[in-house]
file run32.pdb (PDB, C-alpha atoms)
ATOM      1  CA  MET Y  26     -25.357 -24.293  11.354
ATOM      2  CA  ALA Y  27     -27.678 -23.878   8.392
ATOM      3  CA  LYS Y  28     -27.036 -20.120   8.382
ATOM      4  CA  VAL Y  29     -23.295 -20.692   8.181
ATOM      5  CA  VAL Y  30     -23.687 -23.055   5.214
ATOM      6  CA  GLN Y  31     -26.038 -20.596   3.507
ATOM      7  CA  PHE Y  32     -23.557 -17.772   4.097
ATOM      8  CA  ILE Y  33     -20.729 -19.793   2.547
ATOM      9  CA  LYS Y  34     -22.859 -20.702  -0.476
ATOM     10  CA  GLU Y  35     -23.919 -17.092  -1.003
ATOM     11  CA  SER Y  36     -20.349 -15.872  -0.587
ATOM     12  CA  TYR Y  37     -19.107 -18.364  -3.166
ATOM     13  CA  GLU Y  38     -21.863 -17.389  -5.591
ATOM     14  CA  GLU Y  39     -21.077 -13.707  -5.178
ATOM     15  CA  MET Y  40     -17.334 -14.213  -5.658
ATOM     16  CA  THR Y  41     -17.771 -16.333  -8.805
ATOM     17  CA  GLN Y  42     -20.743 -14.673 -10.511
ATOM     18  CA  LYS Y  43     -21.252 -11.127  -9.245
ATOM     19  CA  VAL Y  44     -17.728  -9.824  -8.733
ATOM     20  CA  THR Y  45     -15.946  -8.385 -11.759
ATOM     21  CA  TRP Y  46     -12.305  -9.359 -11.532
ATOM     22  CA  PRO Y  47      -9.654  -7.161 -13.165
ATOM     23  CA  THR Y  48      -7.802  -8.374 -16.222
ATOM     24  CA  TRP Y  49      -4.129  -9.346 -16.102
ATOM     25  CA  GLY Y  50      -3.218  -6.067 -17.789
ATOM     26  CA  ASP Y  51      -5.181  -4.061 -15.232
ATOM     27  CA  LEU Y  52      -3.392  -5.890 -12.417
ATOM     28  CA  GLN Y  53      -0.003  -5.156 -13.951
ATOM     29  CA  ASN Y  54      -0.865  -1.471 -14.387
ATOM     30  CA  SER Y  55      -2.074  -1.220 -10.793
ATOM     31  CA  ALA Y  56       1.021  -2.992  -9.494
ATOM     32  CA  MET Y  57       3.305  -0.617 -11.397
ATOM     33  CA  LEU Y  58       1.376   2.385 -10.084
ATOM     34  CA  VAL Y  59       1.739   1.149  -6.503
ATOM     35  CA  LEU Y  60       5.445   0.442  -7.041
ATOM     36  CA  VAL Y  61       6.143   3.907  -8.457
ATOM     37  CA  ALA Y  62       4.087   5.643  -5.760
ATOM     38  CA  SER Y  63       5.890   3.658  -3.039
ATOM     39  CA  LEU Y  64       9.276   4.598  -4.441
ATOM     40  CA  ILE Y  65       8.329   8.274  -4.636
ATOM     41  CA  ILE Y  66       7.053   8.268  -1.054
ATOM     42  CA  ALA Y  67      10.207   6.446   0.115
ATOM     43  CA  LEU Y  68      12.408   9.023  -1.612
ATOM     44  CA  VAL Y  69      10.453  11.903  -0.064
ATOM     45  CA  ILE Y  70      10.792  10.379   3.414
ATOM     46  CA  PHE Y  71      14.513   9.745   2.797
ATOM     47  CA  ALA Y  72      15.026  13.368   1.740
ATOM     48  CA  MET Y  73      13.128  14.645   4.783
ATOM     49  CA  ASP Y  74      15.224  12.428   7.057
ATOM     50  CA  LYS Y  75      18.518  13.562   5.522
ATOM     51  CA  GLY Y  76      17.389  17.198   5.589
ATOM     52  CA  SER Y  77      16.378  17.105   9.225
ATOM     53  CA  THR Y  78      19.630  15.302  10.120
ATOM     54  CA  PHE Y  79      21.638  18.008   8.346
ATOM     55  CA  VAL Y  80      19.723  20.814  10.089
ATOM     56  CA  LEU Y  81      20.018  19.222  13.523
ATOM     57  CA  ASP Y  82      23.726  18.455  13.077
ATOM     58  CA  ALA Y  83      24.361  22.068  12.068
ATOM     59  CA  PHE Y  84      22.333  23.277  15.052
ATOM     60  CA  TYR Y  85      24.192  21.061  17.528
ATOM     61  CA  GLN Y  86      27.568  22.046  16.070
ATOM     62  CA  SER Y  87      26.682  25.709  16.450
ATOM     63  CA  LEU Y  88      25.891  25.102  20.125
ATOM     64  CA  SER Y  89      29.205  23.379  20.773
ATOM     65  CA  ASN Y  90      31.330  26.173  19.212
TER      66      ASN Y  90
END
call {"tool": "encode", "arguments": {"input": "run32.pdb", "output": "structure tokens"}}
result
Amino acid sequence: MAKVVQFIKESYEEMTQKVTWPTWGDLQNSAMLVLVASLIIALVIFAMDKGSTFVLDAFYQSLSN
């Protein structure tokens, strides 16, 4: 049990004194970067989905004619 208490104390000390936390501005910049990257990736996946649907529909229509 003493090791668990020591681990918790050391973890708390590390989180409060040794970790450098980002500033509010850095967090906002990172959040915007993630948002923009997510939107770009979503648009790319959407375009690939629509493109493959178009190609497959054209292929299946050519088989039925």
call {"tool": "atom_distance", "arguments": {"input": "run32.pdb", "atom1": "atom CA of Y:Ala56", "atom2": "atom CA of Y:Met40"}}
result
21.9 Å
call {"tool": "atom_distance", "arguments": {"input": "run32.pdb", "atom1": "atom CA of Y:Leu88", "atom2": "atom CA of Y:Ala72"}}
result
24.4 Å
call {"tool": "atom_distance", "arguments": {"input": "run32.pdb", "atom1": "atom CA of Y:Val80", "atom2": "atom CA of Y:Ala62"}}
result
26.9 Å
call {"tool": "axis_aligned_box", "arguments": {"input": "run32.pdb", "around": "stretch 73-85 of chain Y", "padding_each_side": "3 Å", "output": "JSON"}}
result
{"center_x": 18.7, "center_y": 17.9, "center_z": 11.2, "size_x": 17.2, "size_y": 16.8, "size_z": 18.7}
